[in-house]
Amino acid sequence: MPTYDFREIENRWQANWEADGIYRVSNPGDPDFDETKRKLYILDMFPYPSGAGLHVGHPLGYIGTDIFSRYHRMRGANVLHPMGFDAFGLPAEQYAVDTGVHPRVTTEKNLENYTRQLKAFGFSYDWNRSFATTDPEYYRWTQWIFLQLFESWFDKEQQKARPIAELVSELEDGLRDADGVAWMNLPEDDRRTYLDSQRLAYIDEVPVNWCPALGTVLANEEVTAEGRSDRGDHPVYRRPLRQWMLRITAYADRLIDELELVDWPESVRTMQRNWIGRSEGAHIVFPIKGNLHLRVFTTRPDTVFGATYMVVAPEHPIVDEITPPTWPDGTKPKWTLGIDDPRTAVEAYRLAASRKSELDRQVEDREKTGVFTGAYATNPLTGERIPVFVADYVLMGYGTGAIMAVPGQDQRDWEFAEAFDLPIVRTVQPPKEFSGEAYTGAGPAINSGFLDGLDIETAKEKTIRWLEINGHGEGTVTYKLRDWLFSRQRYWGEPIPILHGPNGELRPVPDEELPLRLPEVEDFRPHASSDENAEPTPLLAKAPDEWKFVEIDGVTYTRELNTMPQWAGSCWYYLRFLDPRNEDALVSKEAEKYWMGDVGVDLYVGGVEHAVLHLLYARFWHKVLYDLGHVSTPEPFGRLFNQGYILADAFQDERGIYVPADEVVRDGDVYLYQGKPVTRVYGKMGKSLKNSVNPDDIFEEYGVDTLRLYEMFMGPLDTSRPWSTRDIVGTHRFLQRLWRNFIDEDTGEILVSEEHATGDLQVLLHRTIAAVTKDMDDLHFNTALARLFELNNALVALPLVPSDVADVFPRLLSPLAPHISEELWSRMGKEGSVVVASWPTYDADLIAEDMATMIVQVNGKVRDRIEVPVTITESEAVAIALASERVLAHTNGAEPRKVIARLPNILSIVV
RNA sequence: GCCCGGGUGGCGAAAUCGGCAGACGCGACGGACUUAAAAUCCGUUACCCGCAAGGGUGUGUGGGUUCAAAUCCCACCCCGGGCACCA
């Protein structure tokens with residue numbers, strides 16, 4: 001059929017490519033491996049296959065990486081471009097809870113649908129390398145990595161992970177001791193406890209976010225600001241629980257410092273630094289009375305002379321010990337909440353604070369509340385007695401849960417001091433023009449004894465030295481980053497391969513028994529409860545006894561019943577793609593060395609929502625594997641690129657409920673849904689806004705190539721852009737026009753001449769090659785397309801396409817629109833597939849200009865444009881310009897006072 | 001409040017080593033073809049004044065640097081995302 005039958009063309013070529021295995025990539029050691037090619041690893045953040053299927057917003061980045069991969073294949077690279085699925089997770093489990101359908105069944109169905117949809121885009125993935133994190137052959141190695149963490153400790157001197165066996169031998173040899181106790185003097189049980197406390201994977205009793213309604217514990221980052229669950233919006237309570245933790249904090253410095261090694265957006269690196277939150281400062285000990293003292297962390301030890309009171313978090317354990325039965329002399333009325341004794345007052349405040357920590361805390365905004373404990377501490381530098389308050393603006397989870405308050409240099413402390421009538425002493429001299437309250441800027445120290453006159457940095461150092469010499473504290477570094485809570489009480493995750501002995505001993509499941517498969521359970525409902533005091537129970541407690549209990553050498557062990565979080569599987573999938581069927585290792589040394597090369601993944605593309613968590617966790621695991629010698633690069637992802645989102649109009653009815661956007665009709669200025677007016681809003685395309693557009697529908701109407709081109713033509717890859725189905729016709733028309741330029745629609749004849757292009761068309765051809773090549777390198781696919789549009793438009797008036805244009809055009813277009821390019825290539829009788837054709841080159845001499853347009857400015861305004869030879873000299877240019885009538889009209893013949901020449905483009909005359 | 005992005009025609013956007021603002025596309029308008037419509041092809045399309053030639057204005061706002069600013073500097077406004085009494 002001579003007209004552009006995109007459906008037939010696209011289906012046929014996708015089938016051919018698959019049959020030919022044209023996107024299959026071989027590894028070092030394979031018979032067809034070509035070691036002369038340079039390697040390029042181009043990776044997408046793999047998707048979670050949800051039940052809703054893909055919408056046109058998902059594949060934006062995938063189209064970009066596909067184009068980049070195809071381009072570099074044509075430039076001779078050996079491109080690894082894989083795709084897989086992050087398939088453990090709560091949605092399938094919750095579906096199982098609701099319907100009883102096994103998560104495996106749901107997941108397999110979704111995987112199939114996602115694979116079908118992704119294949120329909122014509123992506124050049126090597127599907128032979130695909131896997132899902134739920135495959136036992138994959139999670140076998142996820143479990144193996146966990147055991148590597150379990151069997152390792154962090155050597156602070158060497159700043160790296162080492163096998164725990166090396167720690168044991170150093171302890172046995174007396175090269176180290178266990179927290180000051182010699183190994184030989186330590187009883188067996190204590191040795192075990194000590195070792196367990198040193199592991200990178202360890203168990204700790206930590207406060208967790210317990211969500212009874214979900215029957216599970218949530219990570220901090222999964223809890224909303226309102227103290228409710230991110231998923232489901234259920235109430236969340238904080239309670240202590242024994243949990244597996246991963247010691248990511250040991251890597252805090254390296255995770256910051258080694259950001260220097262990667263080519264990432266500066267914004268993402270900044271976000272990671274902020275998340276880790278390294279701050280240097282000091283611990284300072286404030287005596288209270290007897291043996292009691294309050295230890296605080298401060299980033300501003302230089303301001304200690306201005307510490308006029310202290311604040312501890314409501315949850316701080318010292319509060320009970322320091323609060324006296326009666327108010328001491330000098331207690332101001334506004335410090336007491338109007339209550340007769342300190343203990344009652346503090347209890348009342350704590351109760352109010354614990355309630356507030358949920359919803360009200362936000363509402364209450366900035367007003368400072370607190371209560372005096374009735375206790376005084378002594379400022380070790382001034383020797384003054386200063387009151388100790390309880391206030392909820394200090395958090396138990398950061399630093400030591402206590403602060404020295406320096407109202408002169410901290411605005412929150414200033415506000416509190418004003419509210420409670422506490423003294424304010426400036427210890428840094430603000431500039432004269434400063435009119436604010438707390439002053440945090442630079443300046444000389446004042447009111448600070450031996451620090452007076454020093455700048456902040458010097459004063460910090462001197463204070464720390466004083467503290468250390470006098471035993472009142474020491475310089476220290478703290479981090480916002482906390483260890484990674486790694487246990488989930490869910491079913492649909494990787495089982496943690498640990499056995500618990502009768503005396504609390506931890507025994508790893510031997511490597512040869514991996515994978516430890518998920519046991520079958522009959523019912524997936526967690527012990528959900530509306531009782532906030534309900535005990536958390538892992539779902540695997542429902543597994544059969546023969547799974548849960550293991551007898552070894554006459555000892556009965558209980559299996560760990562927690563599973564891993566969804567992050568686990570996505571922490572290392574990029575390594576498995578290198579060697580996905582390896583049964584002896586997570587990746588072979590040769591494959592790892594070849595594909596990771598010097599910088600790791602050469603281009604990693606995904607949404608900015610993963611800027612912190614996923615990328616930080618993956619970097620952490622990678623560094624552990626690096627330390628233990630399993631990988632050869634210090635960083636996993638050499639270059640990161642964040643693609644934008646597809647945005648779309650969404651519509652809300654009068655109750656604020658989203659209505660299906662595709663059923664909304666426009667009537668003049670108003671939008672109607674089922675006859676009722678709705679409000680138009682705008683946001684990220686997705687299920688929650690009910691504004692998804694299904695790619696299947698677009699393929700049906702316009703074809704795959706059109707959709708690929710449209711998504712790329714909308715704008716630069718890294719910005720978000722609004723979906724507009726109306727605009728798709730632009731790229732569709734481009735393809736139809738291209739078709740008609742090459743194919744006679746009546747006869748099906750190829751409209752290509754024997755002749756080469758000449759004159760302007762030849763120049764345009766070579767300029768187009770140059771421009772598209774540069775745009776491809778820069779991931780500027782929108783402008784690459786614009787150049788191809790221009791070349792296409794230039795062909796419309798010609799009866800036949802010149803042979804060199806015909807030879808080049810499908811190759812330039814093929815990364816962007818592979819199907820039509822392959823069809824034209826094939827119809828012209830070209831040898832082989834366009835997929836493996838070489839990228840066109842251009843003749844630099846042809847695109848060199850000999851004439852240029854010279855802009856003539858008079859007093860900064862453009863007054864004339866004159867065609868001049870590119871070799872024009874300044875005196876010639878001035879002579880020509882001053883003779884121009886348009887210039888004369890503005891110079892009135894006056895002599896130039898000044899001439900700036902950027903020849904041949906600019907001549908700027910000042911008169 | 002803090003941090004990170006971003007504000008350019010009716011719309012999506014080009015142009016960022018400081019050197020022609022608006023490439024390319026959508027839409028709109030006019031024309032050709034057609035019995036007609038669709039499709040296709042040709043043209044116009046930042047705004048204001050002007051018949052025209054031409055002139056003026058213009059890249060969120062106000063200043064500044066410069067022969068020259070979308071681009072650099074200062075202050076502010078708005079939109080999006082992230083974090084939040086983090087000491």
# chains A, B, ... in the order shown; residues from 1 in each chain; ligands from 1
$ residues_around --residues "stretch 271-276 of chain A" --least-positions-apart "2" --cutoff "8 Å" --atoms "only C-alpha atoms (C1' of nucleotides)" --output "ChimeraX atom specification"
/A:252,256,267-269,278,479-481,611-612,616 /B:3-4
$ write_last_selection --atoms "N, CA, C and O atoms (P, O5', C5', C4', C3', O3' and C1' of nucleotides)" --output "mmCIF file, in the first residue's frame"
data_model
loop_
_atom_site.group_PDB
_atom_site.id
_atom_site.type_symbol
_atom_site.label_atom_id
_atom_site.label_comp_id
_atom_site.auth_asym_id
_atom_site.auth_seq_id
_atom_site.Cartn_x
_atom_site.Cartn_y
_atom_site.Cartn_z
ATOM 1 N N ALA A 252 28.478 8.343 55.802
ATOM 2 C CA ALA A 252 28.002 9.721 55.596
ATOM 3 C C ALA A 252 29.057 10.583 54.910
ATOM 4 O O ALA A 252 28.760 11.252 53.909
ATOM 5 N N ILE A 256 28.997 12.112 50.993
ATOM 6 C CA ILE A 256 29.111 13.537 50.648
ATOM 7 C C ILE A 256 30.324 13.768 49.747
ATOM 8 O O ILE A 256 30.207 14.300 48.648
ATOM 9 N N SER A 267 21.724 20.406 41.537
ATOM 10 C CA SER A 267 20.587 20.447 42.467
ATOM 11 C C SER A 267 20.430 19.113 43.206
ATOM 12 O O SER A 267 20.113 19.089 44.399
ATOM 13 N N VAL A 268 20.662 18.015 42.514
ATOM 14 C CA VAL A 268 20.530 16.703 43.163
ATOM 15 C C VAL A 268 21.660 16.498 44.168
ATOM 16 O O VAL A 268 21.446 15.992 45.271
ATOM 17 N N ARG A 269 22.854 16.909 43.792
ATOM 18 C CA ARG A 269 23.962 16.762 44.729
ATOM 19 C C ARG A 269 23.714 17.608 45.977
ATOM 20 O O ARG A 269 23.988 17.165 47.099
ATOM 21 N N ARG A 278 25.636 17.013 57.216
ATOM 22 C CA ARG A 278 26.820 17.037 58.067
ATOM 23 C C ARG A 278 26.947 18.410 58.713
ATOM 24 O O ARG A 278 26.873 19.441 58.050
ATOM 25 N N TYR A 479 25.269 14.329 62.029
ATOM 26 C CA TYR A 479 24.607 14.220 60.739
ATOM 27 C C TYR A 479 23.098 14.146 60.955
ATOM 28 O O TYR A 479 22.636 13.589 61.942
ATOM 29 N N LYS A 480 22.387 14.701 60.011
ATOM 30 C CA LYS A 480 20.937 14.507 60.023
ATOM 31 C C LYS A 480 20.581 13.084 59.606
ATOM 32 O O LYS A 480 19.598 12.524 60.055
ATOM 33 N N LEU A 481 21.395 12.551 58.718
ATOM 34 C CA LEU A 481 21.171 11.199 58.208
ATOM 35 C C LEU A 481 21.086 10.191 59.351
ATOM 36 O O LEU A 481 21.872 10.234 60.283
ATOM 37 N N ALA A 611 15.761 11.775 43.838
ATOM 38 C CA ALA A 611 17.009 12.511 44.062
ATOM 39 C C ALA A 611 17.699 12.084 45.347
ATOM 40 O O ALA A 611 18.918 12.044 45.411
ATOM 41 N N VAL A 612 16.951 11.781 46.376
ATOM 42 C CA VAL A 612 17.587 11.447 47.640
ATOM 43 C C VAL A 612 17.537 9.949 47.926
ATOM 44 O O VAL A 612 18.552 9.271 47.875
ATOM 45 N N LEU A 616 20.593 7.546 47.132
ATOM 46 C CA LEU A 616 21.482 7.472 48.291
ATOM 47 C C LEU A 616 21.656 6.015 48.741
ATOM 48 O O LEU A 616 22.767 5.569 49.019
ATOM 49 P P C B 3 17.997 29.852 51.267
ATOM 50 O "O5'" C B 3 18.011 28.406 50.584
ATOM 51 C "C5'" C B 3 18.969 27.438 50.979
ATOM 52 C "C4'" C B 3 18.668 26.118 50.311
ATOM 53 C "C3'" C B 3 18.487 26.182 48.804
ATOM 54 O "O3'" C B 3 19.719 26.220 48.116
ATOM 55 C "C1'" C B 3 16.745 24.903 49.726
ATOM 56 P P C B 4 19.785 26.986 46.710
ATOM 57 O "O5'" C B 4 19.040 25.963 45.741
ATOM 58 C "C5'" C B 4 19.551 24.651 45.560
ATOM 59 C "C4'" C B 4 18.618 23.867 44.683
ATOM 60 C "C3'" C B 4 18.213 24.555 43.389
ATOM 61 O "O3'" C B 4 19.232 24.484 42.419
ATOM 62 C "C1'" C B 4 16.302 23.626 44.400
#
$ closest_atom_pairs --of "chain B" --to "chain A" --cutoff "10 Å" --atoms "only C-alpha atoms (C1' of nucleotides)" --output "tab-separated table"
residue	atom	partner	partner_atom	distance
B:G1	C1'	A:Arg366	CA	9.8
B:C3	C1'	A:Met271	CA	8.0
B:C4	C1'	A:Ser267	CA	5.7
B:G5	C1'	A:Ser267	CA	8.3
B:G6	C1'	A:Thr719	CA	9.3
B:C11	C1'	A:Asp727	CA	9.7
B:G12	C1'	A:Met714	CA	5.8
B:A13	C1'	A:Gly715	CA	6.4
B:A14	C1'	A:Thr783	CA	7.8
B:G19	C1'	A:Ile906	CA	6.5
B:C20	C1'	A:Ile855	CA	6.7
B:A23	C1'	A:Ala786	CA	8.0
B:C24	C1'	A:Ala786	CA	4.5
B:G25	C1'	A:Gly730	CA	6.0
B:C26	C1'	A:Asp727	CA	5.2
B:G27	C1'	A:Asp727	CA	9.0
B:U40	C1'	A:Arg737	CA	9.6
B:C41	C1'	A:Val796	CA	9.2
B:C67	C1'	A:Gly860	CA	5.9
B:A68	C1'	A:Gly860	CA	5.6
B:G80	C1'	A:Gly683	CA	9.5
B:G81	C1'	A:Glu609	CA	8.9
B:G82	C1'	A:Met271	CA	8.4
B:C83	C1'	A:Trp275	CA	8.9
B:A84	C1'	A:Ala225	CA	9.6
B:C85	C1'	A:Tyr393	CA	4.8
B:C86	C1'	A:Tyr398	CA	6.3
B:A87	C1'	A:Thr298	CA	5.8
$ select_by_dssp --residues "stretch 63-142 of chain A" --states "alpha helix (DSSP H)" --output "PyMOL selection string"
chain A and resi 63-74+90-99+103-120+136-142
$ write_last_selection --atoms "C-alpha atoms" --output "compact mmCIF listing (two decimals), in the first residue's frame"
# COMPACT_ATOMS: atom_id res chain seq x y z
CA ILE A 63 12.08 7.61 24.65
CA GLY A 64 15.02 9.90 25.38
CA THR A 65 17.36 7.08 26.38
CA ASP A 66 16.21 4.99 23.42
CA ILE A 67 17.12 7.78 21.02
CA PHE A 68 20.47 8.27 22.73
CA SER A 69 21.15 4.52 22.63
CA ARG A 70 20.25 4.22 18.96
CA TYR A 71 22.37 7.24 18.10
CA HIS A 72 25.43 5.84 19.85
CA ARG A 73 24.97 2.40 18.31
CA MET A 74 25.15 4.09 14.92
CA LEU A 90 2.65 -2.72 48.76
CA PRO A 91 0.05 -2.23 45.97
CA ALA A 92 0.06 -5.91 44.95
CA GLU A 93 -0.02 -6.90 48.61
CA GLN A 94 -2.92 -4.60 49.39
CA TYR A 95 -4.75 -5.94 46.38
CA ALA A 96 -4.19 -9.39 47.86
CA VAL A 97 -5.56 -8.19 51.16
CA ASP A 98 -8.67 -6.90 49.43
CA THR A 99 -9.28 -9.77 47.03
CA PRO A 103 0.58 -10.88 44.83
CA ARG A 104 2.57 -13.09 42.48
CA VAL A 105 -0.45 -13.51 40.23
CA THR A 106 -1.21 -9.79 40.19
CA THR A 107 2.43 -8.96 39.61
CA GLU A 108 2.81 -11.37 36.72
CA LYS A 109 -0.26 -9.97 35.03
CA ASN A 110 1.01 -6.42 35.42
CA LEU A 111 4.47 -7.40 34.21
CA GLU A 112 2.99 -8.86 31.09
CA ASN A 113 0.96 -5.75 30.39
CA TYR A 114 3.89 -3.42 31.02
CA THR A 115 6.17 -5.47 28.82
CA ARG A 116 3.62 -5.41 26.01
CA GLN A 117 3.18 -1.64 26.31
CA LEU A 118 6.90 -0.93 26.46
CA LYS A 119 7.58 -3.17 23.47
CA ALA A 120 4.93 -1.28 21.53
CA PRO A 136 13.82 -15.78 43.05
CA GLU A 137 16.95 -15.94 40.85
CA TYR A 138 17.25 -12.17 41.32
CA TYR A 139 16.35 -11.82 44.97
CA ARG A 140 18.72 -14.64 45.73
CA TRP A 141 21.44 -12.03 45.20
CA THR A 142 19.58 -9.29 47.02
$ atom_distance --atom1 "atom CA of A:Gly607" --atom2 "atom CA of A:Gln643"
5.6 Å
$ select_by_dssp --residues "stretch 703-811 of chain A" --states "strand (DSSP E or B)" --output "list in words"
Arg721, Pro722, Ile743, Ile750, Val752 and Val801 of chain A
$ closest_residue --among "A:Asn209, A:Thr382, A:Thr3, A:Ser152" --to "A:Arg740" --atoms "only C-alpha atoms"
A:Thr3
$ residues_around --residues "stretch 44-52 of chain B" --least-positions-apart "6" --cutoff "9 Å" --atoms "only C-alpha atoms (C1' of nucleotides)" --output "PDB file with N, CA, C and O atoms (P, O5', C5', C4', C3', O3' and C1' of nucleotides), in the first residue's frame"
ATOM      1  P     G B   9       5.216  35.736  26.475  1.00  0.00           P
ATOM      2  O5'   G B   9       5.109  35.315  24.953  1.00  0.00           O
ATOM      3  C5'   G B   9       3.863  35.024  24.437  1.00  0.00           C
ATOM      4  C4'   G B   9       3.506  36.028  23.352  1.00  0.00           C
ATOM      5  C3'   G B   9       2.159  35.723  22.713  1.00  0.00           C
ATOM      6  O3'   G B   9       1.558  36.950  22.351  1.00  0.00           O
ATOM      7  C1'   G B   9       3.864  35.668  21.069  1.00  0.00           C
ATOM      8  P     G B  22      13.664  37.285  15.552  1.00  0.00           P
ATOM      9  O5'   G B  22      12.788  36.155  16.228  1.00  0.00           O
ATOM     10  C5'   G B  22      13.345  34.861  16.517  1.00  0.00           C
ATOM     11  C4'   G B  22      12.298  34.064  17.241  1.00  0.00           C
ATOM     12  C3'   G B  22      11.014  33.907  16.446  1.00  0.00           C
ATOM     13  O3'   G B  22      11.122  32.707  15.704  1.00  0.00           O
ATOM     14  C1'   G B  22      10.574  34.543  18.717  1.00  0.00           C
ATOM     15  P     A B  28      -7.719  26.585  14.104  1.00  0.00           P
ATOM     16  O5'   A B  28      -7.503  28.160  13.984  1.00  0.00           O
ATOM     17  C5'   A B  28      -8.109  29.046  14.921  1.00  0.00           C
ATOM     18  C4'   A B  28      -7.679  30.466  14.643  1.00  0.00           C
ATOM     19  C3'   A B  28      -7.944  30.945  13.218  1.00  0.00           C
ATOM     20  O3'   A B  28      -9.280  31.369  13.040  1.00  0.00           O
ATOM     21  C1'   A B  28      -5.728  31.491  13.830  1.00  0.00           C
ATOM     22  P     C B  29      -9.957  31.114  11.617  1.00  0.00           P
ATOM     23  O5'   C B  29      -9.296  32.238  10.701  1.00  0.00           O
ATOM     24  C5'   C B  29      -9.453  33.615  11.020  1.00  0.00           C
ATOM     25  C4'   C B  29      -8.546  34.447  10.161  1.00  0.00           C
ATOM     26  C3'   C B  29      -8.648  34.200   8.660  1.00  0.00           C
ATOM     27  O3'   C B  29      -9.758  34.839   8.075  1.00  0.00           O
ATOM     28  C1'   C B  29      -6.377  34.277   9.279  1.00  0.00           C
ATOM     29  P     G B  30     -10.480  34.107   6.794  1.00  0.00           P
ATOM     30  O5'   G B  30      -9.436  34.350   5.609  1.00  0.00           O
ATOM     31  C5'   G B  30      -9.281  35.661   5.087  1.00  0.00           C
ATOM     32  C4'   G B  30      -8.133  35.700   4.120  1.00  0.00           C
ATOM     33  C3'   G B  30      -8.223  34.780   2.922  1.00  0.00           C
ATOM     34  O3'   G B  30      -9.117  35.236   1.924  1.00  0.00           O
ATOM     35  C1'   G B  30      -6.041  34.692   3.812  1.00  0.00           C
ATOM     36  P     G B  58      10.886  48.760  26.078  1.00  0.00           P
ATOM     37  O5'   G B  58      10.362  47.276  25.855  1.00  0.00           O
ATOM     38  C5'   G B  58       9.297  46.768  26.658  1.00  0.00           C
ATOM     39  C4'   G B  58       8.838  45.448  26.123  1.00  0.00           C
ATOM     40  C3'   G B  58       9.881  44.336  26.179  1.00  0.00           C
ATOM     41  O3'   G B  58       9.901  43.750  27.469  1.00  0.00           O
ATOM     42  C1'   G B  58       8.824  44.333  24.066  1.00  0.00           C
TER      43        G B  58
END
